[in-house]
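Chemist: What follows is the file query23.txt, containing compact mmCIF, N, CA and C atoms:
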# COMPACT_ATOMS: atom_id res chain seq x y z
N MET A 15 0.84 -1.18 0.00
CA MET A 15 0.00 0.00 0.00
C MET A 15 0.88 1.24 0.00
N SER A 16 0.57 2.20 -0.85
CA SER A 16 1.40 3.39 -0.93
C SER A 16 1.03 4.38 0.17
N LYS A 17 2.00 5.21 0.50
CA LYS A 17 1.79 6.24 1.51
C LYS A 17 0.93 7.36 0.93
N THR A 18 0.24 8.08 1.82
CA THR A 18 -0.53 9.24 1.39
C THR A 18 0.43 10.39 1.10
N LEU A 19 -0.10 11.41 0.48
CA LEU A 19 0.67 12.63 0.20
C LEU A 19 1.28 13.15 1.50
N LEU A 20 0.46 13.29 2.53
CA LEU A 20 0.95 13.81 3.81
C LEU A 20 2.03 12.91 4.39
N GLU A 21 1.83 11.61 4.38
CA GLU A 21 2.83 10.69 4.93
C GLU A 21 4.16 10.81 4.19
N ASN A 22 4.10 10.93 2.87
CA ASN A 22 5.32 11.11 2.08
C ASN A 22 6.04 12.40 2.49
N TRP A 23 5.30 13.50 2.55
CA TRP A 23 5.90 14.79 2.88
C TRP A 23 6.41 14.81 4.33
N GLN A 24 5.70 14.16 5.24
CA GLN A 24 6.19 14.11 6.63
C GLN A 24 7.51 13.36 6.70
N ALA A 25 7.61 12.25 5.99
CA ALA A 25 8.86 11.48 5.99
C ALA A 25 10.00 12.29 5.38
N ILE A 26 9.73 12.96 4.28
CA ILE A 26 10.76 13.75 3.61
C ILE A 26 11.14 14.97 4.46
N SER A 27 10.17 15.56 5.15
CA SER A 27 10.48 16.72 6.00
C SER A 27 11.45 16.32 7.11
N LYS A 28 11.31 15.11 7.62
CA LYS A 28 12.24 14.64 8.66
C LYS A 28 13.63 14.44 8.09
N GLN A 29 13.71 13.92 6.86
CA GLN A 29 15.01 13.72 6.22
C GLN A 29 15.72 15.03 5.94
N LEU A 30 14.94 16.02 5.46
CA LEU A 30 15.54 17.27 5.02
C LEU A 30 15.56 18.36 6.09
N GLY A 31 14.77 18.18 7.15
CA GLY A 31 14.80 19.13 8.25
C GLY A 31 13.94 20.37 8.09
N PHE A 32 12.79 20.26 7.42
CA PHE A 32 11.86 21.38 7.37
C PHE A 32 10.59 20.98 8.10
N GLU A 33 9.76 21.98 8.42
CA GLU A 33 8.57 21.73 9.25
C GLU A 33 7.29 21.66 8.43
N ILE A 34 6.42 20.76 8.87
CA ILE A 34 5.06 20.64 8.32
C ILE A 34 4.10 20.71 9.50
N GLU A 35 3.01 21.45 9.32
CA GLU A 35 1.95 21.46 10.32
C GLU A 35 0.73 20.80 9.68
N ALA A 36 0.28 19.72 10.31
CA ALA A 36 -0.84 18.96 9.74
C ALA A 36 -1.75 18.44 10.84
N PRO A 37 -3.05 18.56 10.63
CA PRO A 37 -3.70 19.40 9.63
C PRO A 37 -3.48 20.87 9.98
N TYR A 38 -3.85 21.73 9.07
CA TYR A 38 -3.67 23.17 9.29
C TYR A 38 -5.01 23.87 9.07
N ALA A 39 -5.34 24.80 9.96
CA ALA A 39 -6.59 25.54 9.85
C ALA A 39 -6.33 27.01 10.14
N LEU A 40 -7.07 27.87 9.45
CA LEU A 40 -6.98 29.30 9.69
C LEU A 40 -8.34 29.93 9.50
N THR A 41 -8.53 31.08 10.12
CA THR A 41 -9.80 31.79 10.01
C THR A 41 -9.70 32.80 8.88
N LEU A 42 -10.70 32.77 8.00
CA LEU A 42 -10.75 33.69 6.86
C LEU A 42 -11.42 34.99 7.27
N LYS A 43 -11.35 36.00 6.39
CA LYS A 43 -11.91 37.32 6.69
C LYS A 43 -13.39 37.26 7.04
N ASP A 44 -14.13 36.33 6.41
CA ASP A 44 -15.57 36.24 6.68
C ASP A 44 -15.89 35.50 7.96
N GLY A 45 -14.85 35.08 8.68
CA GLY A 45 -15.04 34.37 9.94
C GLY A 45 -15.11 32.86 9.81
N SER A 46 -15.16 32.35 8.59
CA SER A 46 -15.19 30.90 8.40
C SER A 46 -13.80 30.32 8.60
N THR A 47 -13.75 29.03 8.84
CA THR A 47 -12.48 28.34 9.05
C THR A 47 -12.14 27.52 7.82
N LEU A 48 -10.92 27.67 7.36
CA LEU A 48 -10.41 26.86 6.26
C LEU A 48 -9.49 25.81 6.85
N SER A 49 -9.80 24.54 6.61
CA SER A 49 -8.96 23.43 7.06
C SER A 49 -8.35 22.78 5.84
N VAL A 50 -7.04 22.63 5.86
CA VAL A 50 -6.32 22.03 4.74
C VAL A 50 -5.44 20.89 5.26
N PRO A 51 -5.03 20.00 4.35
CA PRO A 51 -4.22 18.85 4.79
C PRO A 51 -2.95 19.23 5.54
N PHE A 52 -2.18 20.19 4.99
CA PHE A 52 -0.97 20.59 5.69
C PHE A 52 -0.39 21.90 5.17
N LEU A 53 0.49 22.47 6.00
CA LEU A 53 1.22 23.69 5.70
C LEU A 53 2.69 23.34 5.75
N VAL A 54 3.43 23.74 4.71
CA VAL A 54 4.89 23.58 4.69
C VAL A 54 5.47 24.92 5.12
N LYS A 55 6.12 24.94 6.26
CA LYS A 55 6.66 26.18 6.82
C LYS A 55 7.98 26.56 6.15
N GLY A 56 8.16 27.87 5.95
CA GLY A 56 9.42 28.39 5.46
C GLY A 56 9.56 28.47 3.94
N PHE A 57 8.58 27.99 3.21
CA PHE A 57 8.68 27.96 1.75
C PHE A 57 7.43 28.57 1.12
N GLY A 58 7.63 29.26 -0.01
CA GLY A 58 6.52 29.73 -0.83
C GLY A 58 5.88 31.04 -0.42
N GLY A 59 5.96 31.40 0.81
CA GLY A 59 5.39 32.64 1.33
C GLY A 59 5.87 32.83 2.76
N PRO A 60 5.83 34.05 3.27
CA PRO A 60 6.31 34.30 4.63
C PRO A 60 5.66 33.40 5.69
N LYS A 61 4.41 32.99 5.45
CA LYS A 61 3.73 32.11 6.41
C LYS A 61 3.77 30.65 5.99
N GLY A 62 4.45 30.35 4.88
CA GLY A 62 4.54 28.97 4.40
C GLY A 62 3.60 28.71 3.24
N THR A 63 3.55 27.47 2.81
CA THR A 63 2.68 27.08 1.69
C THR A 63 1.60 26.13 2.16
N ILE A 64 0.37 26.50 1.86
CA ILE A 64 -0.79 25.67 2.12
C ILE A 64 -0.87 24.63 1.00
N VAL A 65 -0.96 23.37 1.36
CA VAL A 65 -1.03 22.30 0.37
C VAL A 65 -2.41 21.64 0.41
N VAL A 66 -3.01 21.56 -0.78
CA VAL A 66 -4.31 20.91 -0.93
C VAL A 66 -4.20 19.91 -2.09
N THR A 67 -5.12 18.97 -2.14
CA THR A 67 -5.17 18.03 -3.26
C THR A 67 -6.25 18.41 -4.26
N ASP A 68 -7.09 19.38 -3.88
CA ASP A 68 -8.17 19.86 -4.75
C ASP A 68 -8.21 21.38 -4.65
N PHE A 69 -7.83 22.06 -5.74
CA PHE A 69 -7.79 23.52 -5.72
C PHE A 69 -9.15 24.13 -5.41
N GLY A 70 -10.22 23.39 -5.69
CA GLY A 70 -11.56 23.88 -5.39
C GLY A 70 -11.73 24.25 -3.92
N LEU A 71 -10.96 23.61 -3.05
CA LEU A 71 -11.04 23.89 -1.61
C LEU A 71 -10.61 25.32 -1.29
N VAL A 72 -9.69 25.86 -2.09
CA VAL A 72 -9.16 27.20 -1.80
C VAL A 72 -9.44 28.22 -2.91
N ARG A 73 -10.11 27.80 -3.97
CA ARG A 73 -10.33 28.68 -5.12
C ARG A 73 -10.91 30.04 -4.71
N ALA A 74 -11.95 30.04 -3.90
CA ALA A 74 -12.64 31.28 -3.53
C ALA A 74 -11.79 32.19 -2.64
N CYS A 75 -10.80 31.63 -1.95
CA CYS A 75 -10.02 32.45 -1.02
C CYS A 75 -8.54 32.48 -1.36
N ALA A 76 -8.14 31.98 -2.51
CA ALA A 76 -6.71 31.91 -2.86
C ALA A 76 -6.04 33.29 -2.84
N ASN A 77 -6.69 34.29 -3.41
CA ASN A 77 -6.10 35.64 -3.42
C ASN A 77 -5.95 36.17 -2.00
N GLN A 78 -6.93 35.90 -1.15
CA GLN A 78 -6.86 36.33 0.25
C GLN A 78 -5.68 35.64 0.95
N LEU A 79 -5.49 34.35 0.68
CA LEU A 79 -4.39 33.62 1.30
C LEU A 79 -3.04 34.18 0.89
N VAL A 80 -2.89 34.46 -0.39
CA VAL A 80 -1.63 35.03 -0.89
C VAL A 80 -1.41 36.41 -0.27
N ALA A 81 -2.46 37.23 -0.19
CA ALA A 81 -2.34 38.56 0.41
C ALA A 81 -1.95 38.48 1.88
N ARG A 82 -2.32 37.39 2.53
CA ARG A 82 -1.98 37.21 3.95
C ARG A 82 -0.62 36.57 4.15
N GLY A 83 0.10 36.28 3.05
CA GLY A 83 1.46 35.77 3.17
C GLY A 83 1.65 34.29 2.99
N TYR A 84 0.63 33.61 2.45
CA TYR A 84 0.75 32.18 2.22
C TYR A 84 1.02 31.89 0.74
N GLY A 85 1.77 30.85 0.48
CA GLY A 85 1.81 30.26 -0.83
C GLY A 85 0.70 29.22 -0.87
N VAL A 86 0.22 28.89 -2.05
CA VAL A 86 -0.83 27.88 -2.18
C VAL A 86 -0.40 26.91 -3.28
N SER A 87 -0.47 25.62 -3.00
CA SER A 87 -0.08 24.63 -3.99
C SER A 87 -1.04 23.45 -3.97
N THR A 88 -1.33 22.94 -5.16
CA THR A 88 -2.14 21.75 -5.30
C THR A 88 -1.24 20.60 -5.70
N LEU A 89 -1.19 19.57 -4.88
CA LEU A 89 -0.39 18.38 -5.17
C LEU A 89 -1.30 17.17 -5.18
N SER A 90 -0.97 16.20 -5.99
CA SER A 90 -1.79 14.99 -6.13
C SER A 90 -1.40 13.94 -5.11
N GLU A 91 -2.39 13.18 -4.70
CA GLU A 91 -2.10 11.99 -3.90
C GLU A 91 -1.27 11.05 -4.78
N PRO A 92 -0.29 10.39 -4.20
CA PRO A 92 0.56 9.51 -5.01
C PRO A 92 -0.21 8.28 -5.50
N GLU A 93 0.05 7.92 -6.76
CA GLU A 93 -0.54 6.69 -7.30
C GLU A 93 0.31 5.49 -6.93
N ILE A 94 1.60 5.75 -6.85
CA ILE A 94 2.53 4.72 -6.39
C ILE A 94 3.49 5.37 -5.42
N GLU A 95 4.06 4.59 -4.53
CA GLU A 95 4.91 5.15 -3.47
C GLU A 95 6.08 5.94 -4.03
N ALA A 96 6.63 5.52 -5.13
CA ALA A 96 7.81 6.18 -5.68
C ALA A 96 7.50 7.54 -6.30
N SER A 97 6.22 7.92 -6.36
CA SER A 97 5.89 9.18 -7.03
C SER A 97 6.30 10.41 -6.22
N TYR A 98 6.65 10.25 -4.95
CA TYR A 98 7.18 11.36 -4.17
C TYR A 98 8.54 10.95 -3.63
N SER A 99 9.58 11.51 -4.23
CA SER A 99 10.94 11.21 -3.82
C SER A 99 11.54 12.44 -3.14
N VAL A 100 12.62 12.22 -2.43
CA VAL A 100 13.33 13.33 -1.80
C VAL A 100 13.76 14.32 -2.88
N GLU A 101 14.31 13.81 -3.97
CA GLU A 101 14.77 14.68 -5.05
C GLU A 101 13.63 15.49 -5.64
N GLY A 102 12.47 14.85 -5.83
CA GLY A 102 11.30 15.56 -6.36
C GLY A 102 10.82 16.64 -5.42
N CYS A 103 10.81 16.36 -4.14
CA CYS A 103 10.38 17.37 -3.16
C CYS A 103 11.39 18.51 -3.07
N ILE A 104 12.67 18.21 -3.20
CA ILE A 104 13.67 19.28 -3.22
C ILE A 104 13.40 20.21 -4.39
N ARG A 105 13.06 19.67 -5.55
CA ARG A 105 12.74 20.50 -6.72
C ARG A 105 11.52 21.38 -6.44
N VAL A 106 10.47 20.78 -5.86
CA VAL A 106 9.25 21.54 -5.55
C VAL A 106 9.56 22.65 -4.55
N LEU A 107 10.23 22.32 -3.47
CA LEU A 107 10.56 23.30 -2.44
C LEU A 107 11.47 24.40 -2.99
N SER A 108 12.42 24.03 -3.82
CA SER A 108 13.31 25.01 -4.43
C SER A 108 12.52 25.94 -5.34
N ASP A 109 11.56 25.38 -6.05
CA ASP A 109 10.71 26.19 -6.93
C ASP A 109 9.84 27.15 -6.10
N TRP A 110 9.29 26.68 -4.99
CA TRP A 110 8.50 27.55 -4.12
C TRP A 110 9.36 28.67 -3.54
N GLY A 111 10.60 28.35 -3.24
CA GLY A 111 11.54 29.32 -2.69
C GLY A 111 11.52 29.36 -1.16
N TRP A 112 12.69 29.56 -0.60
CA TRP A 112 12.85 29.71 0.85
C TRP A 112 12.40 31.11 1.26
N CYS A 113 11.57 31.21 2.27
CA CYS A 113 11.04 32.50 2.72
C CYS A 113 11.39 32.81 4.16
N GLY A 114 12.23 31.99 4.75
CA GLY A 114 12.64 32.23 6.12
C GLY A 114 13.89 33.09 6.18
N ASP A 115 14.51 33.11 7.32
CA ASP A 115 15.76 33.84 7.53
C ASP A 115 16.79 33.33 6.52
N PRO A 116 17.35 34.21 5.70
CA PRO A 116 18.32 33.77 4.70
C PRO A 116 19.49 32.98 5.29
N GLU A 117 19.88 33.30 6.50
CA GLU A 117 20.98 32.58 7.13
C GLU A 117 20.61 31.16 7.53
N LEU A 118 19.30 30.86 7.57
CA LEU A 118 18.84 29.52 7.94
C LEU A 118 18.39 28.71 6.72
N ALA A 119 18.60 29.24 5.53
CA ALA A 119 18.18 28.55 4.31
C ALA A 119 18.88 27.19 4.21
N PRO A 120 18.12 26.15 3.91
CA PRO A 120 18.72 24.82 3.76
C PRO A 120 19.76 24.81 2.63
N ASP A 121 20.83 24.07 2.82
CA ASP A 121 21.88 24.02 1.81
C ASP A 121 21.53 23.14 0.61
N TRP A 122 20.40 22.42 0.69
CA TRP A 122 20.00 21.55 -0.42
C TRP A 122 19.10 22.26 -1.44
N ILE A 123 18.74 23.52 -1.20
CA ILE A 123 17.91 24.25 -2.15
C ILE A 123 18.67 24.42 -3.46
N LEU A 124 18.00 24.12 -4.56
CA LEU A 124 18.61 24.20 -5.88
C LEU A 124 18.61 25.64 -6.38
N PRO A 125 19.66 26.05 -7.09
CA PRO A 125 19.67 27.38 -7.69
C PRO A 125 18.64 27.46 -8.80
N GLU A 126 18.14 28.68 -9.07
CA GLU A 126 17.09 28.89 -10.08
C GLU A 126 17.44 28.27 -11.42
N GLU A 127 18.69 28.38 -11.83
CA GLU A 127 19.07 27.87 -13.15
C GLU A 127 18.94 26.35 -13.26
N ASP A 128 18.89 25.65 -12.13
CA ASP A 128 18.72 24.20 -12.15
C ASP A 128 17.26 23.78 -12.14
N LEU A 129 16.34 24.74 -12.10
CA LEU A 129 14.90 24.40 -11.99
C LEU A 129 14.18 24.38 -13.32
N ASP A 130 14.82 24.75 -14.40
CA ASP A 130 14.16 24.77 -15.72
C ASP A 130 13.91 23.40 -16.27
Produce structure tokens that represent the structure in this file.

Modeler:
Amino acid sequence: MSKTLLENWQAISKQLGFEIEAPYALTLKDGSTLSVPFLVKGFGGPKGTIVVTDFGLVRACANQLVARGYGVSTLSEPEIEASYSVEGCIRVLSDWGWCGDPELAPDWILPEEDLD
């Protein structure tokens, strides 16, 4: 049986040393609560990247999330266990970009020219 998207990312976060908060919930401007599978801290936006498997979950509030400092990404549940590798996640995280203290940036982040 293959691991879920969250299980894959949790395992890789331990290997690479970045933080995931799962599940993650926040209150929107209208007072409603948005619950998402997980937040990847330090990448994609000052508050991290919200990860969903269905963009429809965040479509109506995506602009609000970005304005509040979040990155938003839609990732698929893996069809096979090998579909989420450490190398693949490094590429995704490098593409999102490090948004934390520059002095604490992981040394495994790929330079922009290697992301094409």

Chemist: Which is closer to A:Val65 than all the others in A:Glu91, A:Asp44, A:Asp109, A:Asp121, using only C-alpha atoms?

Modeler: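 Residue with the minimum atom-to-atom distance to A:Val65: A:Glu91.
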
Chemist: Which polymer residues, protein or nucleic acid, are no farther than 6.5 Å from (2.3, 20.5, 5.2), counting all atoms listed in the file, as a list in words?

Modeler: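 Residues close enough to count: Glu33, Ile34, Glu35, Ala36, Pro51, Phe52, Leu53, Val54, Lys55, Thr63 and Val65 of chain A.
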
Chemist: Taking the DSSP assignment computed from this structure's backbone, write out as JSON, numbers by chain all residues of stretch 75-128 of chain A that belong to strand (DSSP E).

Modeler: {"A": [85, 86, 87, 88]}

Chemist: Take atom C of A:Val50 and atom N of A:Pro116 and report the distance between them in Å, one decimal.

Modeler: 26.4 Å

Chemist: Do you know which residues are at most 6 Å from A:Gly111 counting only C-alpha atoms, after dropping those on the same chain fewer than 2 positions away, and could you put them as a list of chain:residue names?

Modeler: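 Neighbouring residues, sequence-local ones excluded: A:Phe57, A:Gly58, A:Ser108, A:Asp109.
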
Chemist: Rounded to one decimal place, report the atom CA of A:Glu101-atom CA of A:Ala76 distance in Å.

Modeler: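 Distance reported for this atom pair: 27.6 Å.
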
Chemist: Suppose you want the space between atom N of A:Trp110 and atom C of A:Leu71; what is it in Å?

Modeler: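 Straight-line distance from atom N of A:Trp110 to atom C of A:Leu71 works out to 20.3 Å.
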
Chemist: Residues near A:Val100, anyone? I mean within 9 Å using only C-alpha atoms, not counting same-chain ones fewer than 4 positions away, as a compact mmCIF listing (two decimals) with N, CA and C atoms, keeping the file's coordinate frame.

Modeler:
# COMPACT_ATOMS: atom_id res chain seq x y z
N TRP A 23 5.30 13.50 2.55
CA TRP A 23 5.90 14.79 2.88
C TRP A 23 6.41 14.81 4.33
N ILE A 26 9.73 12.96 4.28
CA ILE A 26 10.76 13.75 3.61
C ILE A 26 11.14 14.97 4.46
N SER A 27 10.17 15.56 5.15
CA SER A 27 10.48 16.72 6.00
C SER A 27 11.45 16.32 7.11
N GLN A 29 13.71 13.92 6.86
CA GLN A 29 15.01 13.72 6.22
C GLN A 29 15.72 15.03 5.94
N LEU A 30 14.94 16.02 5.46
CA LEU A 30 15.54 17.27 5.02
C LEU A 30 15.56 18.36 6.09
N ILE A 104 12.67 18.21 -3.20
CA ILE A 104 13.67 19.28 -3.22
C ILE A 104 13.40 20.21 -4.39
N ARG A 105 13.06 19.67 -5.55
CA ARG A 105 12.74 20.50 -6.72
C ARG A 105 11.52 21.38 -6.44

Chemist: Determine, counting only C-alpha atoms, which protein, DNA and RNA residues have an atom within 10 Å of an atom of A:Thr18; residues of the same chain fewer than 4 positions away are not included. Present the result as a list of chain:residue names.

Modeler: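 Counting only C-alpha atoms, the residues come to A:Asn22, A:Trp23, A:Gln24, A:Ser90, A:Glu91, A:Pro92, A:Glu93, A:Ile94, A:Glu95, A:Tyr98.
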
Chemist: If you run DSSP on this backbone, which residues of chain A come out as alpha helix (DSSP H), and could you give them as number ranges by chain?

Modeler: A: 19-30, 76-81, 100-110

Chemist: Based on the selection just made, write N, CA and C atoms of those residues as a short mmCIF file (atom, residue, chain, number, x, y, z; two decimals), in the frame of the given file.

Modeler:
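The new file out.cif reads:
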data_model
loop_
_atom_site.label_atom_id
_atom_site.label_comp_id
_atom_site.auth_asym_id
_atom_site.auth_seq_id
_atom_site.Cartn_x
_atom_site.Cartn_y
_atom_site.Cartn_z
N LEU A 19 -0.10 11.41 0.48
CA LEU A 19 0.67 12.63 0.20
C LEU A 19 1.28 13.15 1.50
N LEU A 20 0.46 13.29 2.53
CA LEU A 20 0.95 13.81 3.81
C LEU A 20 2.03 12.91 4.39
N GLU A 21 1.83 11.61 4.38
CA GLU A 21 2.83 10.69 4.93
C GLU A 21 4.16 10.81 4.19
N ASN A 22 4.10 10.93 2.87
CA ASN A 22 5.32 11.11 2.08
C ASN A 22 6.04 12.40 2.49
N TRP A 23 5.30 13.50 2.55
CA TRP A 23 5.90 14.79 2.88
C TRP A 23 6.41 14.81 4.33
N GLN A 24 5.70 14.16 5.24
CA GLN A 24 6.19 14.11 6.63
C GLN A 24 7.51 13.36 6.70
N ALA A 25 7.61 12.25 5.99
CA ALA A 25 8.86 11.48 5.99
C ALA A 25 10.00 12.29 5.38
N ILE A 26 9.73 12.96 4.28
CA ILE A 26 10.76 13.75 3.61
C ILE A 26 11.14 14.97 4.46
N SER A 27 10.17 15.56 5.15
CA SER A 27 10.48 16.72 6.00
C SER A 27 11.45 16.32 7.11
N LYS A 28 11.31 15.11 7.62
CA LYS A 28 12.24 14.64 8.66
C LYS A 28 13.63 14.44 8.09
N GLN A 29 13.71 13.92 6.86
CA GLN A 29 15.01 13.72 6.22
C GLN A 29 15.72 15.03 5.94
N LEU A 30 14.94 16.02 5.46
CA LEU A 30 15.54 17.27 5.02
C LEU A 30 15.56 18.36 6.09
N ALA A 76 -8.14 31.98 -2.51
CA ALA A 76 -6.71 31.91 -2.86
C ALA A 76 -6.04 33.29 -2.84
N ASN A 77 -6.69 34.29 -3.41
CA ASN A 77 -6.10 35.64 -3.42
C ASN A 77 -5.95 36.17 -2.00
N GLN A 78 -6.93 35.90 -1.15
CA GLN A 78 -6.86 36.33 0.25
C GLN A 78 -5.68 35.64 0.95
N LEU A 79 -5.49 34.35 0.68
CA LEU A 79 -4.39 33.62 1.30
C LEU A 79 -3.04 34.18 0.89
N VAL A 80 -2.89 34.46 -0.39
CA VAL A 80 -1.63 35.03 -0.89
C VAL A 80 -1.41 36.41 -0.27
N ALA A 81 -2.46 37.23 -0.19
CA ALA A 81 -2.34 38.56 0.41
C ALA A 81 -1.95 38.48 1.88
N VAL A 100 12.62 12.22 -2.43
CA VAL A 100 13.33 13.33 -1.80
C VAL A 100 13.76 14.32 -2.88
N GLU A 101 14.31 13.81 -3.97
CA GLU A 101 14.77 14.68 -5.05
C GLU A 101 13.63 15.49 -5.64
N GLY A 102 12.47 14.85 -5.83
CA GLY A 102 11.30 15.56 -6.36
C GLY A 102 10.82 16.64 -5.42
N CYS A 103 10.81 16.36 -4.14
CA CYS A 103 10.38 17.37 -3.16
C CYS A 103 11.39 18.51 -3.07
N ILE A 104 12.67 18.21 -3.20
CA ILE A 104 13.67 19.28 -3.22
C ILE A 104 13.40 20.21 -4.39
N ARG A 105 13.06 19.67 -5.55
CA ARG A 105 12.74 20.50 -6.72
C ARG A 105 11.52 21.38 -6.44
N VAL A 106 10.47 20.78 -5.86
CA VAL A 106 9.25 21.54 -5.55
C VAL A 106 9.56 22.65 -4.55
N LEU A 107 10.23 22.32 -3.47
CA LEU A 107 10.56 23.30 -2.44
C LEU A 107 11.47 24.40 -2.99
N SER A 108 12.42 24.03 -3.82
CA SER A 108 13.31 25.01 -4.43
C SER A 108 12.52 25.94 -5.34
N ASP A 109 11.56 25.38 -6.05
CA ASP A 109 10.71 26.19 -6.93
C ASP A 109 9.84 27.15 -6.10
N TRP A 110 9.29 26.68 -4.99
CA TRP A 110 8.50 27.55 -4.12
C TRP A 110 9.36 28.67 -3.54
#

Chemist: For A:Leu19, which residue out of A:Leu89, A:Leu107, A:Ile64, A:Cys75 is the nearest one, using all atoms listed in the file?

Modeler: A:Leu89
